[in-house]
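Asks: Supplied structure: structure20.txt, compact mmCIF, C-alpha atoms and all ligand atoms.
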```txt
# COMPACT_ATOMS: atom_id res chain seq x y z
CA MET S 1 14.39 31.22 -54.45
CA THR S 2 15.17 28.76 -51.63
CA ASP S 3 18.63 28.69 -50.03
CA PRO S 4 20.75 25.71 -51.08
CA VAL S 5 20.95 23.07 -48.35
CA ASN S 6 23.30 20.30 -47.43
CA ARG S 7 21.56 16.93 -47.17
CA GLN S 8 23.30 14.59 -44.75
CA ILE S 9 22.87 11.13 -43.27
CA LEU S 10 23.33 11.07 -39.51
CA LEU S 11 24.10 8.01 -37.42
CA VAL S 12 21.48 8.52 -34.71
CA GLU S 13 22.34 5.56 -32.52
CA LYS S 14 25.19 3.05 -32.26
CA PRO S 15 23.75 -0.35 -33.15
CA SER S 16 24.23 -2.97 -30.47
CA GLY S 17 23.09 -5.80 -32.77
CA LYS S 18 22.60 -5.85 -36.52
CA LEU S 19 22.68 -2.56 -38.40
CA GLY S 20 19.26 -1.36 -39.59
CA PRO S 21 17.69 1.68 -41.27
CA GLU S 22 16.49 2.87 -37.82
CA HIS S 23 20.08 3.75 -36.92
CA PHE S 24 20.20 6.52 -39.51
CA LYS S 25 18.35 9.76 -40.24
CA LEU S 26 18.28 12.10 -43.24
CA ASN S 27 19.05 15.65 -42.09
CA THR S 28 19.31 19.01 -43.81
CA SER S 29 21.78 21.64 -42.76
CA THR S 30 23.32 24.78 -44.24
CA ILE S 31 26.30 24.47 -46.55
CA PRO S 32 29.41 25.06 -44.42
CA GLU S 33 31.86 27.94 -44.95
CA PRO S 34 35.43 26.74 -45.38
CA LYS S 35 37.83 28.02 -42.69
CA HIS S 36 41.46 28.96 -43.25
CA GLY S 37 43.27 25.88 -44.65
CA GLU S 38 40.03 24.15 -45.64
CA ALA S 39 38.29 23.41 -48.93
CA LEU S 40 34.54 23.30 -49.50
CA LEU S 41 33.71 20.10 -51.35
CA ARG S 42 30.73 18.93 -53.35
CA VAL S 43 30.65 15.19 -52.86
CA ARG S 44 30.25 13.17 -56.09
CA TYR S 45 30.63 9.52 -54.98
CA ILE S 46 30.59 7.99 -51.49
CA SER S 47 32.50 4.78 -50.89
CA LEU S 48 30.65 2.00 -49.06
CA ASP S 49 32.98 -0.15 -47.04
CA ALA S 50 32.57 -3.01 -44.64
CA ALA S 51 34.77 -0.95 -42.31
CA ASN S 52 32.00 1.71 -42.05
CA ARG S 53 30.23 -0.75 -39.76
CA ALA S 54 33.36 -1.40 -37.68
CA TRP S 55 33.89 2.35 -37.18
CA MET S 56 30.59 2.53 -35.28
CA HIS S 57 32.11 0.36 -32.50
CA GLY S 58 35.37 2.30 -32.26
CA ALA S 59 38.47 0.16 -31.52
CA THR S 60 39.64 0.49 -35.13
CA TYR S 61 42.34 2.63 -36.68
CA ARG S 62 40.10 5.74 -36.47
CA ALA S 63 37.88 7.43 -33.90
CA ALA S 64 34.40 5.93 -33.40
CA VAL S 65 31.46 7.67 -35.09
CA GLU S 66 29.45 9.38 -32.37
CA PRO S 67 25.61 9.29 -32.31
CA ASN S 68 23.92 12.25 -34.02
CA SER S 69 26.92 13.07 -36.14
CA VAL S 70 27.26 12.79 -39.90
CA MET S 71 28.12 9.18 -40.75
CA ALA S 72 31.81 8.92 -41.61
CA GLY S 73 32.86 7.70 -45.02
CA GLY S 74 35.35 8.23 -47.78
CA GLY S 75 34.31 10.05 -50.92
CA ILE S 76 35.39 11.53 -54.21
CA ALA S 77 34.53 15.21 -54.33
CA GLU S 78 35.00 18.36 -56.36
CA VAL S 79 36.42 21.49 -54.76
CA VAL S 80 33.90 24.32 -55.05
CA ALA S 81 35.72 26.91 -52.89
CA SER S 82 39.11 26.88 -51.25
CA LYS S 83 40.96 28.66 -48.45
CA ALA S 84 43.97 26.39 -48.90
CA PRO S 85 46.85 27.31 -51.19
CA ASN S 86 47.20 23.90 -52.83
CA LEU S 87 43.56 23.42 -53.86
CA ALA S 88 41.42 25.32 -56.36
CA PRO S 89 37.80 25.10 -57.53
CA GLY S 90 37.41 22.25 -59.98
CA ASP S 91 40.07 20.04 -58.35
CA ILE S 92 39.05 16.44 -57.66
CA VAL S 93 39.97 15.05 -54.23
CA PHE S 94 39.54 11.94 -52.08
CA GLY S 95 38.95 12.25 -48.35
CA ASP S 96 36.67 11.56 -45.42
CA THR S 97 33.76 13.67 -46.64
CA GLY S 98 31.14 11.83 -44.61
CA TRP S 99 27.71 10.86 -45.92
CA GLN S 100 26.60 14.29 -47.12
CA GLU S 101 26.39 16.50 -50.20
CA TYR S 102 28.86 19.19 -49.07
CA ALA S 103 31.76 19.13 -46.61
CA ALA S 104 34.40 21.62 -45.46
CA VAL S 105 37.58 19.59 -44.91
CA PRO S 106 41.16 20.63 -44.01
CA ALA S 107 43.24 20.40 -47.19
CA LYS S 108 45.94 18.44 -45.37
CA LEU S 109 43.46 15.56 -44.98
CA LEU S 110 42.62 15.45 -48.70
CA THR S 111 44.39 13.65 -51.53
CA LYS S 112 44.31 15.39 -54.90
CA MET S 113 43.23 12.94 -57.62
CA PRO S 114 43.60 13.00 -61.39
CA ARG S 115 40.53 13.69 -63.52
CA ILE S 116 39.86 10.32 -65.09
CA GLU S 117 36.88 8.72 -66.75
CA PRO S 118 35.04 6.99 -65.32
CA MET S 119 35.54 8.89 -62.08
CA THR S 120 34.23 5.86 -60.16
CA HIS S 121 37.55 4.08 -60.77
CA LEU S 122 39.09 6.51 -58.26
CA LEU S 123 37.10 4.69 -55.56
CA SER S 124 37.42 1.16 -56.91
CA VAL S 125 40.53 -0.07 -58.65
CA TYR S 126 42.61 3.12 -58.16
CA GLY S 127 41.15 3.80 -54.70
CA ILE S 128 41.41 2.15 -51.31
CA ALA S 129 40.00 -1.16 -52.61
CA GLY S 130 42.57 -1.61 -55.39
CA LEU S 131 45.48 -0.44 -53.25
CA THR S 132 44.46 -2.66 -50.33
CA ALA S 133 44.33 -5.66 -52.65
CA TYR S 134 47.68 -4.76 -54.26
CA PHE S 135 49.68 -4.09 -51.09
CA GLY S 136 48.03 -6.75 -48.94
CA LEU S 137 48.66 -9.45 -51.49
CA LEU S 138 52.08 -8.44 -52.82
CA GLU S 139 53.71 -6.94 -49.71
CA ILE S 140 52.19 -9.16 -47.01
CA GLY S 141 51.17 -12.32 -48.88
CA LYS S 142 54.25 -12.29 -51.15
CA PRO S 143 52.88 -14.94 -53.56
CA LYS S 144 55.27 -16.83 -55.83
CA ALA S 145 54.32 -18.30 -59.20
CA GLY S 146 52.72 -21.73 -58.83
CA GLU S 147 51.64 -21.17 -55.21
CA THR S 148 48.04 -21.49 -54.05
CA VAL S 149 46.35 -18.25 -52.99
CA VAL S 150 42.98 -18.28 -51.23
CA VAL S 151 40.94 -15.11 -50.70
CA SER S 152 37.69 -14.66 -48.75
CA ALA S 153 34.91 -12.13 -49.53
CA ALA S 154 36.27 -12.88 -52.99
CA ALA S 155 33.45 -11.28 -54.97
CA GLY S 156 33.71 -8.03 -53.00
CA SER S 157 35.67 -4.93 -53.88
CA VAL S 158 39.01 -5.95 -52.36
CA GLY S 159 38.71 -9.70 -52.86
CA SER S 160 37.83 -9.56 -56.57
CA ILE S 161 41.02 -7.60 -57.23
CA VAL S 162 43.20 -9.77 -54.96
CA GLY S 163 42.27 -12.90 -56.91
CA GLN S 164 42.93 -11.28 -60.27
CA ILE S 165 46.35 -9.97 -59.20
CA ALA S 166 47.22 -13.44 -57.90
CA LYS S 167 46.33 -14.83 -61.36
CA ILE S 168 48.54 -12.18 -62.99
CA ARG S 169 51.32 -13.55 -60.72
CA ASP S 170 50.63 -17.09 -62.06
CA CYS S 171 49.21 -18.52 -58.86
CA HIS S 172 46.49 -21.13 -58.39
CA VAL S 173 43.64 -18.97 -57.10
CA VAL S 174 40.63 -19.98 -55.00
CA GLY S 175 37.93 -17.51 -53.98
CA ILE S 176 35.52 -17.99 -51.09
CA ALA S 177 32.17 -16.25 -51.57
CA GLY S 178 28.51 -16.56 -50.66
CA GLY S 179 26.22 -18.16 -53.26
CA LYS S 180 26.41 -20.09 -56.52
CA ASP S 181 26.10 -17.01 -58.76
CA LYS S 182 29.03 -15.21 -57.17
CA CYS S 183 31.16 -18.36 -57.31
CA HIS S 184 30.32 -18.90 -60.98
CA TRP S 185 31.18 -15.26 -61.72
CA LEU S 186 34.61 -15.63 -60.07
CA THR S 187 35.60 -18.58 -62.23
CA SER S 188 33.83 -17.71 -65.50
CA GLU S 189 34.47 -13.95 -65.64
CA LEU S 190 37.41 -13.16 -63.38
CA GLY S 191 39.57 -16.19 -64.16
CA PHE S 192 39.77 -17.69 -60.65
CA ASP S 193 40.72 -21.38 -60.81
CA ALA S 194 38.05 -22.40 -58.32
CA ALA S 195 35.49 -20.95 -55.95
CA VAL S 196 34.06 -22.19 -52.67
CA ASP S 197 30.52 -21.27 -51.63
CA TYR S 198 30.72 -20.84 -47.86
CA LYS S 199 26.92 -20.83 -47.65
CA ASP S 200 26.78 -24.33 -49.13
CA GLY S 201 28.38 -26.73 -46.67
CA ALA S 202 31.65 -27.02 -44.83
CA VAL S 203 34.36 -24.68 -46.13
CA PHE S 204 37.15 -26.98 -44.86
CA LYS S 205 36.03 -29.91 -47.07
CA GLN S 206 35.32 -27.77 -50.13
CA LEU S 207 38.74 -26.11 -49.84
CA LYS S 208 40.51 -29.43 -49.52
CA ALA S 209 39.01 -30.48 -52.86
CA VAL S 210 40.01 -27.36 -54.82
CA ALA S 211 43.35 -26.65 -53.10
CA PRO S 212 44.79 -30.17 -52.84
CA LYS S 213 48.38 -28.94 -52.46
CA GLY S 214 47.46 -26.79 -49.45
CA ILE S 215 47.38 -23.01 -49.11
CA ASP S 216 50.50 -20.85 -49.39
CA VAL S 217 48.81 -17.44 -49.07
CA TYR S 218 45.47 -16.76 -47.39
CA PHE S 219 44.16 -13.21 -47.86
CA ASP S 220 41.70 -12.91 -44.99
CA ASN S 221 38.85 -10.43 -45.32
CA VAL S 222 36.45 -12.15 -42.95
CA GLY S 223 38.12 -13.77 -39.91
CA GLY S 224 36.04 -16.17 -37.76
CA ASP S 225 35.07 -19.62 -39.02
CA ILE S 226 36.52 -19.18 -42.51
CA LEU S 227 39.93 -18.29 -41.06
CA GLU S 228 39.59 -21.36 -38.85
CA ALA S 229 38.88 -23.54 -41.92
CA CYS S 230 41.96 -22.21 -43.75
CA LEU S 231 44.49 -22.42 -40.90
CA PRO S 232 44.99 -26.22 -40.81
CA GLN S 233 45.36 -26.26 -44.61
CA MET S 234 48.18 -23.73 -44.68
CA ASN S 235 51.50 -25.06 -45.99
CA ASN S 236 54.69 -24.64 -43.99
CA TYR S 237 56.01 -21.08 -44.25
CA GLY S 238 52.61 -19.89 -45.53
CA ARG S 239 51.52 -16.27 -45.17
CA ILE S 240 48.17 -15.00 -43.91
CA ALA S 241 47.44 -11.37 -44.81
CA CYS S 242 44.92 -10.14 -42.25
CA CYS S 243 42.99 -7.46 -44.10
CA GLY S 244 39.74 -7.37 -42.15
CA ALA S 245 37.21 -9.41 -40.20
CA ILE S 246 33.85 -8.71 -41.81
CA SER S 247 32.23 -11.71 -40.10
CA GLN S 248 32.74 -9.89 -36.78
CA TYR S 249 31.51 -6.39 -37.67
CA ASP S 250 27.71 -6.59 -37.72
CA GLY S 251 26.13 -7.90 -34.53
CA ALA S 252 27.69 -10.01 -31.81
CA PRO S 253 30.85 -11.86 -32.92
CA ALA S 254 30.99 -15.65 -32.62
CA ALA S 255 31.72 -16.91 -29.11
CA HIS S 256 34.99 -18.61 -30.06
CA GLY S 257 37.93 -17.30 -32.02
CA PRO S 258 39.65 -19.38 -34.68
CA ARG S 259 41.04 -22.51 -33.04
CA GLY S 260 44.63 -23.47 -33.84
CA VAL S 261 46.13 -20.13 -32.82
CA PRO S 262 48.97 -20.08 -31.94
CA GLY S 263 49.62 -23.86 -32.23
CA LEU S 264 49.30 -24.15 -36.01
CA ILE S 265 51.20 -20.90 -36.51
CA VAL S 266 54.16 -22.34 -34.61
CA VAL S 267 54.17 -25.81 -36.12
CA LYS S 268 53.69 -24.61 -39.69
CA ARG S 269 56.05 -21.60 -39.26
CA LEU S 270 53.32 -19.29 -40.56
CA ILE S 271 53.49 -15.54 -40.83
CA MET S 272 50.17 -13.93 -39.96
CA GLN S 273 50.29 -10.18 -40.41
CA GLY S 274 47.72 -7.43 -40.25
CA PHE S 275 48.09 -4.29 -42.32
CA ILE S 276 46.39 -0.99 -43.03
CA VAL S 277 46.58 0.24 -46.61
CA MET S 278 47.72 3.70 -45.50
CA ASP S 279 51.02 2.14 -44.33
CA PHE S 280 52.04 1.77 -47.97
CA MET S 281 51.17 5.19 -49.38
CA LYS S 282 54.81 6.00 -50.17
CA GLN S 283 54.63 3.21 -52.79
CA ARG S 284 51.28 4.41 -54.19
CA ASP S 285 52.60 5.67 -57.55
CA LYS S 286 54.17 2.33 -58.44
CA ALA S 287 51.00 0.48 -57.40
CA LEU S 288 48.79 2.79 -59.47
CA ALA S 289 51.05 2.39 -62.51
CA ASP S 290 50.78 -1.41 -62.23
CA LEU S 291 47.02 -1.33 -61.71
CA GLN S 292 46.54 1.04 -64.67
CA GLY S 293 48.66 -1.19 -66.88
CA TRP S 294 46.66 -4.30 -65.95
CA VAL S 295 43.32 -2.53 -66.50
CA ALA S 296 44.48 -1.17 -69.88
CA SER S 297 45.68 -4.59 -71.03
CA GLY S 298 42.41 -6.26 -69.95
CA LYS S 299 44.18 -8.46 -67.37
CA LEU S 300 42.29 -6.81 -64.51
CA LYS S 301 38.51 -6.41 -64.78
CA VAL S 302 36.87 -3.68 -62.73
CA GLN S 303 33.48 -4.45 -61.24
CA GLU S 304 31.51 -1.55 -59.77
CA ASP S 305 28.11 -1.45 -58.11
CA VAL S 306 26.92 2.17 -58.22
CA ILE S 307 23.67 3.12 -56.46
CA ASP S 308 22.01 6.47 -57.08
CA GLY S 309 21.01 8.90 -54.34
CA LEU S 310 22.38 9.93 -50.95
CA GLU S 311 19.12 8.80 -49.30
CA ASN S 312 19.92 5.20 -50.29
CA THR S 313 23.29 5.12 -48.48
CA PRO S 314 22.10 3.36 -45.27
CA ALA S 315 20.30 0.61 -47.23
CA ALA S 316 23.33 0.21 -49.46
CA LEU S 317 25.64 -0.39 -46.47
CA ILE S 318 23.18 -2.79 -44.85
CA GLY S 319 23.01 -4.64 -48.18
CA LEU S 320 26.80 -4.78 -48.51
CA LEU S 321 27.09 -6.42 -45.10
CA ALA S 322 24.47 -8.95 -46.23
CA GLY S 323 26.45 -9.76 -49.37
CA GLU S 324 24.33 -7.93 -51.99
CA ASN S 325 27.30 -6.40 -53.79
CA ARG S 326 29.64 -7.62 -56.47
CA GLY S 327 32.79 -5.56 -56.67
CA LYS S 328 33.03 -2.00 -55.37
CA ARG S 329 29.78 -0.59 -54.02
CA MET S 330 29.39 3.19 -53.94
CA ILE S 331 26.75 5.91 -53.93
CA LYS S 332 26.41 8.49 -56.68
CA VAL S 333 25.43 11.63 -54.79
N1 LIG S 401 43.32 -3.32 -43.96
C1 LIG S 401 42.92 -2.33 -44.74
O1 LIG S 401 43.62 -1.33 -44.94
C2 LIG S 401 41.57 -2.44 -45.41
C3 LIG S 401 41.15 -1.50 -46.36
C4 LIG S 401 39.91 -1.68 -46.98
C5 LIG S 401 39.10 -2.78 -46.63
N2 LIG S 401 39.54 -3.64 -45.68
C6 LIG S 401 38.75 -4.84 -45.32
O2 LIG S 401 38.54 -5.59 -46.51
C7 LIG S 401 37.39 -6.41 -46.33
C8 LIG S 401 36.48 -6.22 -47.53
O3 LIG S 401 35.82 -4.98 -47.38
P1 LIG S 401 35.03 -4.22 -48.50
O4 LIG S 401 34.63 -2.93 -47.95
O5 LIG S 401 35.86 -4.30 -49.73
O6 LIG S 401 33.70 -5.07 -48.66
P2 LIG S 401 33.26 -5.95 -49.87
O7 LIG S 401 34.27 -7.02 -49.99
O8 LIG S 401 32.94 -5.15 -51.07
O9 LIG S 401 31.88 -6.55 -49.36
C9 LIG S 401 31.80 -7.30 -48.28
C10 LIG S 401 31.48 -8.75 -48.66
O10 LIG S 401 31.80 -9.56 -47.54
C11 LIG S 401 31.00 -10.72 -47.59
N3 LIG S 401 30.56 -11.06 -46.23
C12 LIG S 401 29.72 -10.37 -45.44
N4 LIG S 401 29.55 -11.01 -44.27
C13 LIG S 401 30.32 -12.12 -44.33
C14 LIG S 401 30.58 -13.20 -43.43
N5 LIG S 401 30.00 -13.25 -42.21
N6 LIG S 401 31.41 -14.19 -43.82
C15 LIG S 401 31.98 -14.16 -45.05
N7 LIG S 401 31.77 -13.16 -45.95
C16 LIG S 401 30.95 -12.16 -45.58
C17 LIG S 401 29.80 -10.42 -48.48
O11 LIG S 401 29.91 -11.22 -49.65
P3 LIG S 401 29.35 -12.73 -49.67
O12 LIG S 401 28.14 -12.71 -50.52
O13 LIG S 401 30.47 -13.48 -50.29
O14 LIG S 401 29.05 -13.12 -48.26
C18 LIG S 401 30.01 -8.95 -48.89
O15 LIG S 401 29.64 -8.70 -50.22
C19 LIG S 401 36.77 -6.00 -44.99
O16 LIG S 401 37.16 -6.89 -43.98
C20 LIG S 401 37.38 -4.63 -44.74
O17 LIG S 401 37.39 -4.27 -43.39
C21 LIG S 401 40.75 -3.49 -45.07
```
Translate the structure described by the file into structure tokens.
Ligand SMILES: NC(=O)c1ccc[n+]([C@@H]2O[C@H](COP(=O)([O-])OP(=O)(O)OC[C@H]3O[C@@H](n4cnc5c(N)ncnc54)[C@H](OP(=O)(O)O)[C@@H]3O)[C@@H](O)[C@H]2O)c1

Replies:
Amino acid sequence: MTDPVNRQILLVEKPSGKLGPEHFKLNTSTIPEPKHGEALLRVRYISLDAANRAWMHGATYRAAVEPNSVMAGGGIAEVVASKAPNLAPGDIVFGDTGWQEYAAVPAKLLTKMPRIEPMTHLLSVYGIAGLTAYFGLLEIGKPKAGETVVVSAAAGSVGSIVGQIAKIRDCHVVGIAGGKDKCHWLTSELGFDAAVDYKDGAVFKQLKAVAPKGIDVYFDNVGGDILEACLPQMNNYGRIACCGAISQYDGAPAAHGPRGVPGLIVVKRLIMQGFIVMDFMKQRDKALADLQGWVASGKLKVQEDVIDGLENTPAALIGLLAGENRGKRMIKV
């Protein structure tokens, strides 16, 4: 009988330009022994996030991923052995497992999760994506009924939930996404009032047509030119929730930043605020209760994009950055 092994994906080199398969390597290692205070986890699903790419540069809210180490990433995992008092075999947890089949992780860095079906919802609507959408929109964007909410990367995991919550709050909702099919999906399936295809002509003009009263809340997932197109259309006292800057993650960022900063922010009395979802974890129970209620009542549709096999993780991230995904992309390990 062969010894069980731990298959892992290593980041072999930090990409200086666009991310490619050559930056990763499949490795096999022994299954780690948990130390005091740690749990040994069998990883079930790995979350694919635009932020995975940003972590390779460093200068984010976490340490940079170093070459020849296991690629960092969040995952849902089952405890198979534990040297921590609060975790037992069979428990389901969320944590930074990395891109691998097994991980020994300090229990204090893990969040115990309920056993729900489908388990994938723990990464999508009840995971970081759903909570980011919930807190970013409601705590930073603070939309009021009748206001216009615009969200970019609208067909992605965070954006698709932001738009639906804004509809639940009776707002006029516009999504910005790449391609006709995604835009059609936003309006026909998810109930957005309008969608703008940023790959089909000037975003500024298209937005003007579908948000004639101006923008009250812009939920910004992408930064760059799309932020620049939204800024002059913000209404006085509008709010911009800065969630991420996906247009800047993969390859060299555009030479110029969004023009109109700070001039338009001053004149229009805008609030532009960044946030990290972890800042709101004390309010997690209330958020989860709301999200569960909306899913149960059919007001919030959950779109998942599950790809099989650890070996496909690099291609799945490269594809996410290129806009292949609809909703929450993840790997079934
Ligand atoms: N602040 C926080 O706590 C927090 C937590 C989680 C995520 N985030 C941020 O939320 C955003 C969404 O991340 P995600 O992981 O959920 O990814 P995602 O939305 O599921 O997927 C990313 C989508 O972004 C779009 N995109 C890629 N390049 C783009 C570009 N240059 N311009 C416009 N759109 C582009 C693509 O769709 P198209 O086909 O439409 O181009 C792609 O499908 C990211 O900025 C991420 O960093 C922040």

Asks: Could the residues of chain S that have an atom at most 6 Å from ligand LIG 401 (chain S) be listed as a Markdown table, each with its closest atom pair and the distance in Å to one decimal, counting all atoms listed in the file and ordered by chain and ascending residue number?

Replies:
```
| residue | atom | partner | partner_atom | distance |
| --- | --- | --- | --- | --- |
| S:Asp49 | CA | S:LIG401 | O4 | 3.4 |
| S:Ala50 | CA | S:LIG401 | O4 | 3.9 |
| S:Ala51 | CA | S:LIG401 | O17 | 4.4 |
| S:Ile128 | CA | S:LIG401 | C4 | 6.0 |
| S:Ala129 | CA | S:LIG401 | C4 | 5.7 |
| S:Thr132 | CA | S:LIG401 | C3 | 5.3 |
| S:Ala153 | CA | S:LIG401 | O10 | 4.5 |
| S:Ala155 | CA | S:LIG401 | O13 | 6.0 |
| S:Gly156 | CA | S:LIG401 | O7 | 3.2 |
| S:Ser157 | CA | S:LIG401 | O8 | 3.9 |
| S:Val158 | CA | S:LIG401 | O5 | 4.4 |
| S:Gly159 | CA | S:LIG401 | O7 | 5.9 |
| S:Ala177 | CA | S:LIG401 | O13 | 3.5 |
| S:Gly178 | CA | S:LIG401 | O13 | 3.7 |
| S:Asn221 | CA | S:LIG401 | O16 | 4.1 |
| S:Val222 | CA | S:LIG401 | C15 | 5.3 |
| S:Cys243 | CA | S:LIG401 | N1 | 4.2 |
| S:Gly244 | CA | S:LIG401 | O16 | 3.2 |
| S:Ala245 | CA | S:LIG401 | O16 | 4.5 |
| S:Ile246 | CA | S:LIG401 | O16 | 4.4 |
| S:Ser247 | CA | S:LIG401 | N5 | 3.4 |
| S:Phe275 | CA | S:LIG401 | N1 | 5.1 |
| S:Ile276 | CA | S:LIG401 | O1 | 3.4 |
| S:Val277 | CA | S:LIG401 | O1 | 3.7 |
| S:Leu320 | CA | S:LIG401 | O15 | 5.1 |
| S:Leu321 | CA | S:LIG401 | C12 | 4.8 |
| S:Ala322 | CA | S:LIG401 | C12 | 5.5 |
| S:Gly323 | CA | S:LIG401 | O15 | 3.5 |
| S:Glu324 | CA | S:LIG401 | O15 | 5.6 |
| S:Asn325 | CA | S:LIG401 | O15 | 4.8 |
| S:Gly327 | CA | S:LIG401 | O8 | 5.6 |
| S:Lys328 | CA | S:LIG401 | O8 | 5.3 |
```

Asks: Pick out the residues sitting within 10 Å of Val266 of chain S, and hand them over as a PDB file with C-alpha atoms, keeping the file's coordinate frame; count only C-alpha atoms, and ignore anything fewer than 6 positions along from it in its own chain.

Replies:
```
ATOM      1  CA  ASN S 236      54.690 -24.640 -43.990  1.00  0.00           C
ATOM      2  CA  TYR S 237      56.010 -21.080 -44.250  1.00  0.00           C
ATOM      3  CA  GLY S 260      44.630 -23.470 -33.840  1.00  0.00           C
TER       4      GLY S 260
END
```

Asks: When you draw a straight line from atom CA of Leu40 of chain S to atom CA of Ile76 of chain S, how long is it in Å?

Replies: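 That distance, rounded to one decimal, is 12.7 Å.
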
Asks: Calculate how many Å separate atom CA of Cys171 of chain S from atom CA of Asn235 of chain S, rounding to one decimal.

Replies: 14.6 Å

Asks: Could you give me, as an mmCIF file with C-alpha atoms, in the frame of the given file, the residues within 9 Å of Asp193 of chain S, counting all atoms listed in the file and dropping anything in the same chain fewer than 4 positions from it?

Replies:
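Okay, result01.cif is ready:
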```
data_model
loop_
_atom_site.group_PDB
_atom_site.id
_atom_site.type_symbol
_atom_site.label_atom_id
_atom_site.label_comp_id
_atom_site.auth_asym_id
_atom_site.auth_seq_id
_atom_site.Cartn_x
_atom_site.Cartn_y
_atom_site.Cartn_z
ATOM 1 C CA LYS S 167 46.330 -14.830 -61.360
ATOM 2 C CA HIS S 172 46.490 -21.130 -58.390
ATOM 3 C CA VAL S 173 43.640 -18.970 -57.100
ATOM 4 C CA VAL S 174 40.630 -19.980 -55.000
ATOM 5 C CA GLY S 175 37.930 -17.510 -53.980
ATOM 6 C CA LEU S 186 34.610 -15.630 -60.070
ATOM 7 C CA THR S 187 35.600 -18.580 -62.230
ATOM 8 C CA VAL S 210 40.010 -27.360 -54.820
#
```

Asks: Using all atoms listed in the file, list the residues that have an atom at most 12 Å from (31.8, -6.3, -64.3), coordinates as in the file, as a short mmCIF file (atom, residue, chain, number, x, y, z; two decimals) with C-alpha atoms, keeping the file's coordinate frame.

Replies:
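Done, and the output landed in result_39.cif:
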```cif
data_model
loop_
_atom_site.label_atom_id
_atom_site.label_comp_id
_atom_site.auth_asym_id
_atom_site.auth_seq_id
_atom_site.Cartn_x
_atom_site.Cartn_y
_atom_site.Cartn_z
CA SER S 124 37.42 1.16 -56.91
CA ALA S 155 33.45 -11.28 -54.97
CA GLY S 156 33.71 -8.03 -53.00
CA SER S 157 35.67 -4.93 -53.88
CA SER S 160 37.83 -9.56 -56.57
CA ILE S 161 41.02 -7.60 -57.23
CA LYS S 182 29.03 -15.21 -57.17
CA TRP S 185 31.18 -15.26 -61.72
CA LEU S 186 34.61 -15.63 -60.07
CA SER S 188 33.83 -17.71 -65.50
CA GLU S 189 34.47 -13.95 -65.64
CA LEU S 190 37.41 -13.16 -63.38
CA LEU S 300 42.29 -6.81 -64.51
CA LYS S 301 38.51 -6.41 -64.78
CA VAL S 302 36.87 -3.68 -62.73
CA GLN S 303 33.48 -4.45 -61.24
CA GLU S 304 31.51 -1.55 -59.77
CA ASP S 305 28.11 -1.45 -58.11
CA VAL S 306 26.92 2.17 -58.22
CA ASN S 325 27.30 -6.40 -53.79
CA ARG S 326 29.64 -7.62 -56.47
CA GLY S 327 32.79 -5.56 -56.67
CA LYS S 328 33.03 -2.00 -55.37
CA ARG S 329 29.78 -0.59 -54.02
#
```

Asks: I'd like to know which of S:Pro32, S:Gly17, S:Gly224, S:Gly98 is closest to Thr313 of chain S, using all atoms listed in the file.

Replies: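 Distance minimum relative to Thr313 of chain S lands on S:Gly98.
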
Asks: With only C-alpha atoms as the basis for distance, which of S:Tyr134, S:Trp294, S:Trp99, S:Tyr249 is at the shortest distance from Ile46 of chain S?

Replies: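 Checking each candidate against Ile46 of chain S, we get S:Trp99 as the closest.
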
Asks: Go through S:Glu139, S:Gly298, S:Ala229, S:Gln8 one by one, measure the shortest atom-to-atom distance of each to Gly191 of chain S using only C-alpha atoms, and give the residue with the smallest value.

Replies: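 Of all the options, S:Gly298 lies closest to Gly191 of chain S.
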
Asks: Quick one: residues within 12 Å of Val80 of chain S, all atoms listed in the file counted, chain neighbours fewer than 6 positions away excluded, as an MDAnalysis selection string?

Replies: chainID S and resid 31:34 38:44 87:93 101:105

Asks: If I take atom CA of Arg53 of chain S and atom CA of Pro114 of chain S, how far is one from the other in Å, to one decimal?

Replies: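 Computing the Euclidean distance for atom CA of Arg53 of chain S and atom CA of Pro114 of chain S yields 28.9 Å.
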
Asks: Find the residues around His23 of chain S up to 10 Å (all atoms listed in the file counted), leave out those fewer than 4 positions away in its own chain, and share them as a PyMOL selection string.

Replies: chain S and resi 10-15+18-19+67-68+314

Asks: For each of S:Tyr61, S:Phe94, S:Asp216, S:Pro262, take the minimum atom-to-atom distance to Lys144 of chain S, counting all atoms listed in the file, then give the residue where this is smallest.

Replies: S:Asp216

Asks: Given all atoms listed in the file as the basis, pick out the residue of S:Arg7, S:Lys205, S:Lys108, S:His256 nearest to Pro232 of chain S.

Replies: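 Answer, going by the shortest atom-to-atom distance: S:Lys205.
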
Asks: For each of S:Lys199, S:Arg239, S:Lys142, S:Arg62, take the minimum atom-to-atom distance to Lys180 of chain S, counting all atoms listed in the file, then give the residue where this is smallest.

Replies: S:Lys199

Asks: Which neighbours of Val261 of chain S fall inside 12 Å, counting all atoms listed in the file, when residues of the same chain fewer than 2 positions from it are skipped, and could you give them as JSON, numbers by chain?

Replies: {"S": [224, 227, 228, 230, 231, 232, 256, 257, 258, 259, 263, 264, 265, 266, 267, 268, 269, 270, 271, 272]}

Asks: Give me, as CSV, the closest atom pair and its distance (Å, one decimal) for every residue of segment 264-321 of chain S within a cut-off of 12 Å of segment 25-29 of chain S, counting all atoms listed in the file, rows sorted by chain and rising number.

Replies:
```
residue,atom,partner,partner_atom,distance
S:Gly309,CA,S:Leu26,CA,11.9
S:Leu310,CA,S:Leu26,CA,9.0
S:Glu311,CA,S:Leu26,CA,7.0
S:Asn312,CA,S:Leu26,CA,10.0
S:Thr313,CA,S:Leu26,CA,10.1
S:Pro314,CA,S:Lys25,CA,9.0
S:Ala315,CA,S:Lys25,CA,11.7
```
